[in-house]
file start_7.cif (mmCIF, C-alpha atoms and all ligand atoms)
data_my_file
loop_
_atom_site.label_atom_id
_atom_site.label_comp_id
_atom_site.auth_asym_id
_atom_site.auth_seq_id
_atom_site.Cartn_x
_atom_site.Cartn_y
_atom_site.Cartn_z
CA MET A 1 0.20 60.17 -68.47
CA ILE A 2 0.70 63.09 -66.09
CA VAL A 3 4.16 63.37 -64.55
CA HIS A 4 4.09 65.30 -61.27
CA HIS A 5 6.77 67.47 -59.62
CA PHE A 6 8.83 66.06 -56.76
CA THR A 7 10.48 68.86 -54.78
CA ILE A 8 12.78 68.94 -51.76
CA ASP A 9 13.43 72.03 -49.65
CA LEU A 10 17.09 71.43 -48.86
CA GLU A 11 17.74 72.76 -45.37
CA GLU A 12 18.85 71.48 -41.95
CA TYR A 13 16.41 70.42 -39.22
CA PHE A 14 17.33 73.47 -37.09
CA GLN A 15 16.63 76.04 -39.83
CA VAL A 16 12.85 75.71 -40.09
CA SER A 17 10.75 78.84 -39.51
CA ALA A 18 8.95 77.17 -36.58
CA PHE A 19 12.23 77.21 -34.61
CA GLU A 20 13.03 80.87 -35.32
CA THR A 21 12.20 81.99 -31.79
CA CYS A 22 14.37 79.37 -30.07
CA VAL A 23 17.25 78.92 -32.57
CA SER A 24 18.89 82.15 -33.68
CA GLN A 25 20.76 82.14 -36.97
CA SER A 26 24.00 83.07 -35.23
CA THR A 27 23.98 79.64 -33.49
CA TRP A 28 23.38 77.50 -36.61
CA GLY A 29 27.08 76.66 -36.95
CA ARG A 30 27.02 74.93 -33.53
CA PHE A 31 24.39 72.34 -34.51
CA GLU A 32 25.22 68.90 -35.81
CA SER A 33 24.76 68.81 -39.60
CA ARG A 34 22.55 65.90 -40.70
CA VAL A 35 21.61 66.96 -44.20
CA THR A 36 24.13 64.85 -46.15
CA ALA A 37 22.95 61.52 -44.74
CA GLN A 38 19.27 62.29 -45.38
CA VAL A 39 19.86 63.64 -48.89
CA THR A 40 21.85 60.50 -49.69
CA ARG A 41 18.81 58.42 -48.66
CA LEU A 42 16.53 60.59 -50.79
CA LEU A 43 18.84 60.26 -53.80
CA ASP A 44 18.77 56.49 -53.43
CA LEU A 45 14.98 56.49 -53.19
CA LEU A 46 14.61 58.70 -56.27
CA ALA A 47 17.09 56.61 -58.27
CA ARG A 48 15.27 53.36 -57.46
CA HIS A 49 12.04 54.86 -58.77
CA ASP A 50 13.61 56.58 -61.76
CA ALA A 51 12.33 59.97 -60.55
CA ARG A 52 13.92 63.37 -61.10
CA ALA A 53 13.45 66.05 -58.45
CA THR A 54 13.98 69.74 -57.85
CA PHE A 55 16.06 70.60 -54.78
CA PHE A 56 15.23 74.11 -53.51
CA THR A 57 18.54 74.70 -51.81
CA LEU A 58 19.45 77.13 -49.07
CA GLY A 59 22.56 79.14 -49.92
CA TRP A 60 23.81 78.67 -46.33
CA VAL A 61 23.72 74.89 -46.80
CA ALA A 62 25.31 74.96 -50.27
CA LYS A 63 28.22 77.06 -48.99
CA ARG A 64 29.01 74.40 -46.37
CA HIS A 65 28.25 71.34 -48.51
CA PRO A 66 29.26 72.12 -52.13
CA LYS A 67 30.16 68.48 -52.73
CA LEU A 68 26.65 67.39 -51.77
CA ILE A 69 25.15 69.90 -54.23
CA ARG A 70 27.43 68.58 -57.00
CA THR A 71 26.39 65.01 -56.15
CA ILE A 72 22.69 65.92 -56.43
CA SER A 73 23.27 67.67 -59.74
CA ALA A 74 25.42 64.82 -61.09
CA ALA A 75 22.59 62.40 -60.24
CA GLY A 76 20.45 64.29 -62.77
CA HIS A 77 18.35 66.41 -60.42
CA GLU A 78 17.62 70.11 -60.67
CA ILE A 79 19.17 72.58 -58.22
CA ALA A 80 16.95 75.59 -57.51
CA SER A 81 17.02 78.35 -54.88
CA HIS A 82 15.42 78.54 -51.42
CA GLY A 83 17.15 81.85 -50.60
CA TRP A 84 20.29 82.28 -48.51
CA ASP A 85 19.36 81.98 -44.86
CA HIS A 86 15.68 81.04 -44.59
CA VAL A 87 14.46 84.53 -43.71
CA ARG A 88 10.83 84.76 -44.78
CA VAL A 89 9.93 87.31 -47.48
CA THR A 90 7.52 88.88 -44.97
CA HIS A 91 10.56 89.75 -42.83
CA GLN A 92 12.73 91.14 -45.67
CA THR A 93 13.02 94.45 -47.49
CA PRO A 94 13.10 94.26 -51.30
CA ARG A 95 16.84 95.06 -51.13
CA HIS A 96 17.59 92.21 -48.71
CA PHE A 97 15.46 89.81 -50.71
CA ARG A 98 17.32 90.73 -53.90
CA GLU A 99 20.70 90.19 -52.23
CA SER A 100 19.56 86.82 -50.90
CA VAL A 101 18.22 85.43 -54.19
CA ARG A 102 21.16 86.83 -56.20
CA ARG A 103 23.81 85.46 -53.84
CA THR A 104 22.15 82.03 -53.71
CA LYS A 105 21.73 81.78 -57.50
CA ASP A 106 25.36 82.84 -58.08
CA LEU A 107 26.72 80.29 -55.61
CA LEU A 108 24.58 77.39 -56.85
CA GLU A 109 25.51 78.12 -60.48
CA ASP A 110 29.19 78.32 -59.50
CA ILE A 111 28.97 74.92 -57.81
CA THR A 112 27.04 73.03 -60.51
CA GLY A 113 27.77 75.00 -63.68
CA ALA A 114 24.05 74.80 -64.53
CA PRO A 115 21.54 77.69 -64.65
CA VAL A 116 19.31 78.11 -61.58
CA LEU A 117 15.80 78.79 -62.86
CA GLY A 118 13.49 78.28 -59.90
CA PHE A 119 12.80 79.73 -56.47
CA ARG A 120 10.69 78.77 -53.48
CA ALA A 121 10.35 81.21 -50.59
CA PRO A 122 10.98 79.91 -47.05
CA SER A 123 7.59 78.90 -45.59
CA PHE A 124 5.80 79.95 -48.81
CA SER A 125 6.14 83.53 -47.59
CA ILE A 126 5.25 85.44 -50.77
CA VAL A 127 1.84 86.46 -49.40
CA PRO A 128 -0.63 89.13 -50.62
CA GLY A 129 1.16 92.50 -50.54
CA LYS A 130 4.61 90.95 -51.15
CA GLU A 131 4.23 90.53 -54.92
CA TRP A 132 7.27 92.81 -55.43
CA ALA A 133 9.28 89.68 -54.70
CA LEU A 134 8.03 88.16 -57.97
CA ASP A 135 9.39 91.16 -59.89
CA VAL A 136 12.73 90.88 -58.12
CA LEU A 137 12.91 87.19 -59.13
CA ILE A 138 12.29 88.06 -62.80
CA GLU A 139 14.89 90.85 -62.68
CA GLU A 140 17.42 88.47 -61.12
CA GLY A 141 17.01 85.93 -63.93
CA TYR A 142 14.64 83.39 -62.39
CA TRP A 143 12.14 81.66 -64.69
CA TYR A 144 9.70 80.16 -62.22
CA ASP A 145 8.47 80.44 -58.65
CA SER A 146 6.82 77.90 -56.35
CA SER A 147 5.89 80.10 -53.38
CA LEU A 148 2.24 81.05 -53.85
CA PHE A 149 0.39 78.42 -51.77
CA PRO A 150 -3.30 78.93 -52.64
CA VAL A 151 -4.62 78.36 -49.11
CA ARG A 152 -5.45 80.58 -46.14
CA ARG A 153 -3.19 79.58 -43.22
CA PRO A 154 -1.84 81.48 -40.21
CA GLY A 155 1.40 83.13 -41.34
CA TYR A 156 1.34 82.07 -44.98
CA GLY A 157 -0.78 81.36 -48.00
CA TYR A 158 -1.93 83.16 -51.12
CA PRO A 159 -5.69 82.47 -50.94
CA ASP A 160 -6.61 83.96 -54.32
CA GLY A 161 -3.80 82.21 -56.20
CA LEU A 162 -4.60 79.73 -58.95
CA PRO A 163 -4.19 76.08 -57.89
CA GLY A 164 -2.39 74.82 -61.02
CA PRO A 165 0.76 75.91 -62.87
CA HIS A 166 0.24 79.23 -64.65
CA TRP A 167 2.09 82.24 -66.05
CA LEU A 168 2.24 85.49 -64.06
CA ASP A 169 2.32 88.63 -66.20
CA ARG A 170 4.26 91.05 -63.98
CA PRO A 171 5.54 94.61 -64.62
CA SER A 172 9.06 93.11 -64.87
CA GLY A 173 8.06 90.35 -67.30
CA MET A 174 6.69 86.82 -67.26
CA LEU A 175 7.23 84.28 -64.49
CA ALA A 176 5.90 80.72 -64.37
CA GLU A 177 4.16 79.99 -61.08
CA ILE A 178 3.97 76.36 -59.95
CA PRO A 179 2.06 76.26 -56.64
CA PRO A 180 2.14 73.40 -54.14
CA THR A 181 -0.78 71.07 -54.67
CA THR A 182 -4.09 71.53 -52.89
CA LEU A 183 -7.12 69.24 -52.66
CA ARG A 184 -10.54 70.59 -53.62
CA TRP A 185 -13.03 69.15 -51.15
CA CYS A 186 -16.60 70.25 -50.33
CA GLY A 187 -15.98 73.76 -51.64
CA LEU A 188 -12.77 74.09 -49.64
CA ARG A 189 -9.18 74.08 -50.82
CA LEU A 190 -7.01 72.02 -48.48
CA PRO A 191 -3.20 71.95 -48.40
CA ALA A 192 -2.19 68.47 -49.54
CA ALA A 193 1.21 68.97 -51.06
CA GLY A 194 3.58 67.31 -48.63
CA GLY A 195 5.48 68.32 -45.50
CA ALA A 196 3.52 68.04 -42.25
CA TYR A 197 0.33 67.34 -44.22
CA PHE A 198 2.01 64.26 -45.69
CA ARG A 199 3.32 63.05 -42.32
CA LEU A 200 0.33 63.80 -40.10
CA LEU A 201 -2.74 63.28 -42.30
CA PRO A 202 -3.78 60.00 -43.93
CA TYR A 203 -1.65 59.11 -46.96
CA GLY A 204 -4.84 59.00 -49.06
CA ILE A 205 -5.20 62.80 -48.95
CA VAL A 206 -2.01 63.45 -50.92
CA ARG A 207 -2.89 60.59 -53.27
CA ALA A 208 -6.39 62.04 -53.83
CA ALA A 209 -4.92 65.48 -54.54
CA LEU A 210 -2.50 64.11 -57.15
CA ARG A 211 -5.29 62.03 -58.75
CA GLN A 212 -7.41 65.19 -58.89
CA CYS A 213 -4.57 66.96 -60.74
CA GLU A 214 -4.42 64.06 -63.20
CA ARG A 215 -8.15 64.31 -63.93
CA GLU A 216 -7.63 68.01 -64.63
CA GLY A 217 -4.66 67.26 -66.88
CA THR A 218 -2.09 69.23 -64.85
CA PRO A 219 0.97 68.09 -62.90
CA GLY A 220 0.76 68.23 -59.11
CA THR A 221 3.59 69.47 -56.91
CA PHE A 222 4.79 67.53 -53.87
CA TYR A 223 7.36 68.76 -51.33
CA ILE A 224 9.35 67.27 -48.48
CA HIS A 225 12.41 68.18 -46.36
CA PRO A 226 15.44 65.96 -45.64
CA TRP A 227 14.78 66.20 -41.87
CA GLU A 228 11.31 64.70 -42.39
CA ILE A 229 12.84 61.24 -42.91
CA ASP A 230 15.14 61.60 -39.88
CA PRO A 231 13.44 60.36 -36.68
CA ALA A 232 16.82 60.39 -34.86
CA GLN A 233 17.39 64.15 -35.25
CA PRO A 234 18.21 66.00 -32.00
CA ARG A 235 15.02 67.18 -30.28
CA LEU A 236 14.68 70.86 -29.49
CA ASP A 237 12.70 72.20 -26.56
CA VAL A 238 9.65 73.70 -28.31
CA SER A 239 5.91 74.13 -27.66
CA TRP A 240 3.70 71.03 -27.91
CA LEU A 241 2.14 72.32 -31.15
CA THR A 242 5.51 72.92 -32.82
CA CYS A 243 6.61 69.55 -31.45
CA LEU A 244 3.64 67.83 -33.12
CA ARG A 245 4.13 69.67 -36.42
CA HIS A 246 7.88 69.06 -36.63
CA TYR A 247 8.32 65.63 -35.01
CA GLY A 248 4.95 63.97 -35.72
CA GLY A 249 5.07 61.06 -38.15
CA LEU A 250 8.83 61.25 -38.86
CA ASP A 251 9.17 57.48 -38.57
CA ARG A 252 6.59 56.77 -41.27
CA THR A 253 7.63 59.38 -43.87
CA ALA A 254 10.24 57.26 -45.68
CA GLY A 255 7.73 54.41 -46.11
CA ARG A 256 5.12 56.80 -47.42
CA LEU A 257 7.62 58.28 -49.89
CA GLU A 258 8.36 54.79 -51.16
CA ARG A 259 4.64 54.27 -51.74
CA LEU A 260 4.16 57.67 -53.39
CA LEU A 261 7.05 57.06 -55.80
CA THR A 262 5.60 53.65 -56.64
CA GLU A 263 2.13 55.03 -57.39
CA PHE A 264 3.06 58.20 -59.30
CA ARG A 265 5.68 59.40 -61.75
CA PHE A 266 7.71 62.51 -60.98
CA ARG A 267 10.07 64.93 -62.66
CA ALA A 268 11.78 68.22 -61.87
CA MET A 269 9.95 71.53 -62.22
CA GLY A 270 12.54 72.86 -64.64
CA ASP A 271 11.58 70.06 -67.06
CA SER A 272 7.99 71.31 -67.11
CA VAL A 273 8.94 74.97 -67.47
CA ALA A 274 11.25 74.14 -70.36
CA SER A 275 8.39 72.33 -72.11
CA TRP A 276 6.03 75.31 -71.59
CA SER A 277 8.36 77.92 -73.01
CA GLU A 278 10.74 77.79 -75.90
CA ARG A 279 12.59 80.68 -74.32
CA ALA A 280 13.39 78.87 -71.08
CA PRO A 281 16.98 77.66 -70.83
CA ALA A 282 17.20 73.91 -70.29
CA ALA A 283 17.71 72.92 -66.67
CA ALA A 284 20.62 70.58 -66.20
ZN ZN B 1 12.40 75.94 -45.96
#

call {"tool": "encode", "arguments": {"input": "start_7.cif", "output": "structure tokens"}}
result
Amino acid sequence: MIVHHFTIDLEEYFQVSAFETCVSQSTWGRFESRVTAQVTRLLDLLARHDARATFFTLGWVAKRHPKLIRTISAAGHEIASHGWDHVRVTHQTPRHFRESVRRTKDLLEDITGAPVLGFRAPSFSIVPGKEWALDVLIEEGYWYDSSLFPVRRPGYGYPDGLPGPHWLDRPSGMLAEIPPTTLRWCGLRLPAAGGAYFRLLPYGIVRAALRQCEREGTPGTFYIHPWEIDPAQPRLDVSWLTCLRHYGGLDRTAGRLERLLTEFRFRAMGDSVASWSERAPAAA
């Protein structure tokens, strides 16, 4: 039986890349924090379905909510890194990226006492030409990455990336790459891994993508954000397209997650990486 990966990008509703132009980072501290309540709901959901997840955590959030991070870790889930402040790799120099992933890893390890092995770039922003980021991750002690989304989308995507988990042989060493799941359909590769695709498209698309992974004998990778189960979050004044992408389907996401966790089995990414490599340190 294939066990898939359940992943959560742990950030606040006001930190998403789509709001970058209307919410500057210097104002983040003024917004109401809603992450603890939503993570608590997710932890309950995961516990009821005996699922283990990977939480790609923003350093900014961990610094303000260390108790929440300890609670997630104590519940048996894996804490991984989403960088410090949600700046996309496409907007960072190698030096800034290194500082961000080092600072986040150090803080998360301080809080939980467990090694941080994995990284996911904000908005899957390791795109063609930014592969230096993979070398920085290896040099900073990361074992796997989940940023190369093998689709062609405006602003992100790694179109020539492999769709399933694989090893990257980089100048700095080896790195396991575990991409978000895509659905092969009529010669196309469609994003079907979670997020807005899970909220806005029919549920059957994500289910079909995970079934396709099972037929191929590889685990699929699903992702969601705490704010995606929070229909009561404060509404920001954004364009109609951003409004649709961010607020569409929020009221049905929790129900769909319940269904997904009933139909499939999930574990953390670190569990898979540990089973692929004897060298990988065990994720707590
Ligand atoms: Zn994010």

call {"tool": "closest_atom_pairs", "arguments": {"input": "start_7.cif", "of": "chain A", "to": "ligand ZN 1 (chain B)", "cutoff": "10 Å", "atoms": "only C-alpha atoms and all ligand atoms", "output": "CSV"}}
result
residue,atom,partner,partner_atom,distance
A:Ile8,CA,B:ZN1,ZN,9.1
A:Asp9,CA,B:ZN1,ZN,5.5
A:Leu10,CA,B:ZN1,ZN,7.1
A:Glu11,CA,B:ZN1,ZN,6.2
A:Glu12,CA,B:ZN1,ZN,8.8
A:Tyr13,CA,B:ZN1,ZN,9.6
A:Gln15,CA,B:ZN1,ZN,7.4
A:Val16,CA,B:ZN1,ZN,5.9
A:Ser17,CA,B:ZN1,ZN,7.3
A:Phe56,CA,B:ZN1,ZN,8.3
A:Thr57,CA,B:ZN1,ZN,8.6
A:Leu58,CA,B:ZN1,ZN,7.8
A:His82,CA,B:ZN1,ZN,6.8
A:Gly83,CA,B:ZN1,ZN,8.9
A:Asp85,CA,B:ZN1,ZN,9.3
A:His86,CA,B:ZN1,ZN,6.2
A:Val87,CA,B:ZN1,ZN,9.1
A:Arg88,CA,B:ZN1,ZN,9.0
A:Arg120,CA,B:ZN1,ZN,8.2
A:Ala121,CA,B:ZN1,ZN,7.3
A:Pro122,CA,B:ZN1,ZN,4.4
A:Ser123,CA,B:ZN1,ZN,5.7
A:Phe124,CA,B:ZN1,ZN,8.2
A:Ser125,CA,B:ZN1,ZN,10.0
A:Ile224,CA,B:ZN1,ZN,9.5
A:His225,CA,B:ZN1,ZN,7.8

call {"tool": "atom_distance", "arguments": {"input": "start_7.cif", "atom1": "atom CA of A:Gly270", "atom2": "atom CA of A:Leu117"}}
result
7.0 Å

call {"tool": "residues_around", "arguments": {"input": "start_7.cif", "residues": "A:Ala51", "least_positions_apart": "6", "cutoff": "9 Å", "atoms": "all atoms listed in the file", "output": "PyMOL selection string"}}
result
chain A and resi 6+45+77+261+265-268

call {"tool": "closest_residue", "arguments": {"input": "start_7.cif", "among": "A:His96, A:Val136, A:Thr21, A:Gly59", "to": "A:Gly173", "atoms": "only C-alpha atoms"}}
result
A:Val136

call {"tool": "residues_around", "arguments": {"input": "start_7.cif", "residues": "A:Asp169", "least_positions_apart": "3", "cutoff": "12 Å", "atoms": "only C-alpha atoms", "output": "tab-separated table (two decimals) with C-alpha atoms, in the frame of the given file"}}
result
chain	number	residue	atom	x	y	z
A	131	GLU	CA	4.23	90.53	-54.92
A	134	LEU	CA	8.03	88.16	-57.97
A	135	ASP	CA	9.39	91.16	-59.89
A	138	ILE	CA	12.29	88.06	-62.80
A	144	TYR	CA	9.70	80.16	-62.22
A	166	HIS	CA	0.24	79.23	-64.65
A	172	SER	CA	9.06	93.11	-64.87
A	173	GLY	CA	8.06	90.35	-67.30
A	174	MET	CA	6.69	86.82	-67.26
A	175	LEU	CA	7.23	84.28	-64.49
A	176	ALA	CA	5.90	80.72	-64.37
A	177	GLU	CA	4.16	79.99	-61.08

call {"tool": "closest_residue", "arguments": {"input": "start_7.cif", "among": "A:Ser272, A:Thr54, A:Thr242, A:Thr262", "to": "A:Thr218", "atoms": "only C-alpha atoms"}}
result
A:Ser272

call {"tool": "build_atoms", "arguments": {"input": "start_7.cif", "residues": "stretch 148-159 of chain A", "atoms": "all heavy atoms", "output": "PDB file, in the frame of the given file"}}
result
ATOM      1  N   LEU A 148       3.605  80.562 -54.101  1.00  0.00           N
ATOM      2  CA  LEU A 148       2.240  81.050 -53.850  1.00  0.00           C
ATOM      3  C   LEU A 148       1.326  79.854 -53.514  1.00  0.00           C
ATOM      4  O   LEU A 148       0.773  79.204 -54.398  1.00  0.00           O
ATOM      5  CB  LEU A 148       1.686  81.798 -55.071  1.00  0.00           C
ATOM      6  CG  LEU A 148       2.538  82.958 -55.608  1.00  0.00           C
ATOM      7  CD1 LEU A 148       1.789  83.707 -56.716  1.00  0.00           C
ATOM      8  CD2 LEU A 148       2.924  83.928 -54.498  1.00  0.00           C
ATOM      9  N   PHE A 149       1.186  79.574 -52.225  1.00  0.00           N
ATOM     10  CA  PHE A 149       0.390  78.420 -51.770  1.00  0.00           C
ATOM     11  C   PHE A 149      -1.076  78.884 -51.685  1.00  0.00           C
ATOM     12  O   PHE A 149      -1.409  79.723 -50.846  1.00  0.00           O
ATOM     13  CB  PHE A 149       0.897  78.000 -50.380  1.00  0.00           C
ATOM     14  CG  PHE A 149       0.677  76.555 -50.038  1.00  0.00           C
ATOM     15  CD1 PHE A 149       1.515  75.928 -49.122  1.00  0.00           C
ATOM     16  CD2 PHE A 149      -0.347  75.808 -50.600  1.00  0.00           C
ATOM     17  CE1 PHE A 149       1.338  74.589 -48.787  1.00  0.00           C
ATOM     18  CE2 PHE A 149      -0.532  74.475 -50.278  1.00  0.00           C
ATOM     19  CZ  PHE A 149       0.309  73.865 -49.365  1.00  0.00           C
ATOM     20  N   PRO A 150      -1.945  78.365 -52.559  1.00  0.00           N
ATOM     21  CA  PRO A 150      -3.300  78.930 -52.640  1.00  0.00           C
ATOM     22  C   PRO A 150      -4.227  78.455 -51.522  1.00  0.00           C
ATOM     23  O   PRO A 150      -5.291  77.868 -51.759  1.00  0.00           O
ATOM     24  CB  PRO A 150      -3.790  78.454 -54.022  1.00  0.00           C
ATOM     25  CG  PRO A 150      -3.033  77.213 -54.288  1.00  0.00           C
ATOM     26  CD  PRO A 150      -1.715  77.318 -53.556  1.00  0.00           C
ATOM     27  N   VAL A 151      -3.809  78.700 -50.289  1.00  0.00           N
ATOM     28  CA  VAL A 151      -4.620  78.360 -49.110  1.00  0.00           C
ATOM     29  C   VAL A 151      -4.554  79.549 -48.139  1.00  0.00           C
ATOM     30  O   VAL A 151      -3.700  80.417 -48.274  1.00  0.00           O
ATOM     31  CB  VAL A 151      -4.071  77.102 -48.379  1.00  0.00           C
ATOM     32  CG1 VAL A 151      -4.253  75.866 -49.232  1.00  0.00           C
ATOM     33  CG2 VAL A 151      -2.603  77.275 -47.998  1.00  0.00           C
ATOM     34  N   ARG A 152      -5.455  79.535 -47.161  1.00  0.00           N
ATOM     35  CA  ARG A 152      -5.450  80.580 -46.140  1.00  0.00           C
ATOM     36  C   ARG A 152      -4.988  79.934 -44.841  1.00  0.00           C
ATOM     37  O   ARG A 152      -5.718  79.143 -44.244  1.00  0.00           O
ATOM     38  CB  ARG A 152      -6.862  81.141 -45.984  1.00  0.00           C
ATOM     39  CG  ARG A 152      -6.944  82.464 -45.242  1.00  0.00           C
ATOM     40  CD  ARG A 152      -8.399  82.906 -45.096  1.00  0.00           C
ATOM     41  NE  ARG A 152      -9.068  83.084 -46.386  1.00  0.00           N
ATOM     42  CZ  ARG A 152      -9.018  84.191 -47.118  1.00  0.00           C
ATOM     43  NH1 ARG A 152      -8.344  85.229 -46.669  1.00  0.00           N
ATOM     44  NH2 ARG A 152      -9.637  84.274 -48.281  1.00  0.00           N
ATOM     45  N   ARG A 153      -3.740  80.183 -44.431  1.00  0.00           N
ATOM     46  CA  ARG A 153      -3.190  79.580 -43.220  1.00  0.00           C
ATOM     47  C   ARG A 153      -2.580  80.678 -42.353  1.00  0.00           C
ATOM     48  O   ARG A 153      -2.171  81.709 -42.879  1.00  0.00           O
ATOM     49  CB  ARG A 153      -2.082  78.563 -43.573  1.00  0.00           C
ATOM     50  CG  ARG A 153      -2.500  77.456 -44.524  1.00  0.00           C
ATOM     51  CD  ARG A 153      -3.416  76.452 -43.894  1.00  0.00           C
ATOM     52  NE  ARG A 153      -2.812  75.842 -42.717  1.00  0.00           N
ATOM     53  CZ  ARG A 153      -3.500  75.285 -41.731  1.00  0.00           C
ATOM     54  NH1 ARG A 153      -4.808  75.293 -41.765  1.00  0.00           N
ATOM     55  NH2 ARG A 153      -2.872  74.739 -40.717  1.00  0.00           N
ATOM     56  N   PRO A 154      -2.488  80.462 -41.038  1.00  0.00           N
ATOM     57  CA  PRO A 154      -1.840  81.480 -40.210  1.00  0.00           C
ATOM     58  C   PRO A 154      -0.376  81.654 -40.635  1.00  0.00           C
ATOM     59  O   PRO A 154       0.360  80.685 -40.665  1.00  0.00           O
ATOM     60  CB  PRO A 154      -1.911  80.901 -38.785  1.00  0.00           C
ATOM     61  CG  PRO A 154      -2.830  79.724 -38.857  1.00  0.00           C
ATOM     62  CD  PRO A 154      -2.917  79.279 -40.280  1.00  0.00           C
ATOM     63  N   GLY A 155      -0.003  82.858 -41.016  1.00  0.00           N
ATOM     64  CA  GLY A 155       1.400  83.130 -41.340  1.00  0.00           C
ATOM     65  C   GLY A 155       1.784  82.936 -42.786  1.00  0.00           C
ATOM     66  O   GLY A 155       2.827  83.389 -43.211  1.00  0.00           O
ATOM     67  N   TYR A 156       1.002  82.217 -43.557  1.00  0.00           N
ATOM     68  CA  TYR A 156       1.340  82.070 -44.980  1.00  0.00           C
ATOM     69  C   TYR A 156       0.114  81.759 -45.804  1.00  0.00           C
ATOM     70  O   TYR A 156      -0.987  81.573 -45.279  1.00  0.00           O
ATOM     71  CB  TYR A 156       2.429  81.015 -45.189  1.00  0.00           C
ATOM     72  CG  TYR A 156       2.018  79.577 -44.941  1.00  0.00           C
ATOM     73  CD1 TYR A 156       1.583  78.780 -45.998  1.00  0.00           C
ATOM     74  CD2 TYR A 156       2.081  79.015 -43.677  1.00  0.00           C
ATOM     75  CE1 TYR A 156       1.219  77.463 -45.784  1.00  0.00           C
ATOM     76  CE2 TYR A 156       1.718  77.699 -43.458  1.00  0.00           C
ATOM     77  CZ  TYR A 156       1.287  76.923 -44.512  1.00  0.00           C
ATOM     78  OH  TYR A 156       0.928  75.624 -44.295  1.00  0.00           O
ATOM     79  N   GLY A 157       0.326  81.665 -47.096  1.00  0.00           N
ATOM     80  CA  GLY A 157      -0.780  81.360 -48.000  1.00  0.00           C
ATOM     81  C   GLY A 157      -1.083  82.529 -48.922  1.00  0.00           C
ATOM     82  O   GLY A 157      -0.848  83.693 -48.583  1.00  0.00           O
ATOM     83  N   TYR A 158      -1.544  82.171 -50.120  1.00  0.00           N
ATOM     84  CA  TYR A 158      -1.930  83.160 -51.120  1.00  0.00           C
ATOM     85  C   TYR A 158      -3.323  82.733 -51.590  1.00  0.00           C
ATOM     86  O   TYR A 158      -3.478  82.087 -52.630  1.00  0.00           O
ATOM     87  CB  TYR A 158      -0.907  83.143 -52.275  1.00  0.00           C
ATOM     88  CG  TYR A 158      -0.901  84.386 -53.100  1.00  0.00           C
ATOM     89  CD1 TYR A 158      -0.196  85.523 -52.679  1.00  0.00           C
ATOM     90  CD2 TYR A 158      -1.601  84.459 -54.298  1.00  0.00           C
ATOM     91  CE1 TYR A 158      -0.191  86.684 -53.433  1.00  0.00           C
ATOM     92  CE2 TYR A 158      -1.605  85.610 -55.061  1.00  0.00           C
ATOM     93  CZ  TYR A 158      -0.892  86.724 -54.623  1.00  0.00           C
ATOM     94  OH  TYR A 158      -0.887  87.875 -55.368  1.00  0.00           O
ATOM     95  N   PRO A 159      -4.356  83.075 -50.768  1.00  0.00           N
ATOM     96  CA  PRO A 159      -5.690  82.470 -50.940  1.00  0.00           C
ATOM     97  C   PRO A 159      -6.310  82.645 -52.324  1.00  0.00           C
ATOM     98  O   PRO A 159      -7.043  81.770 -52.770  1.00  0.00           O
ATOM     99  CB  PRO A 159      -6.538  83.187 -49.882  1.00  0.00           C
ATOM    100  CG  PRO A 159      -5.586  83.803 -48.932  1.00  0.00           C
ATOM    101  CD  PRO A 159      -4.296  84.016 -49.650  1.00  0.00           C
TER     102      PRO A 159
END
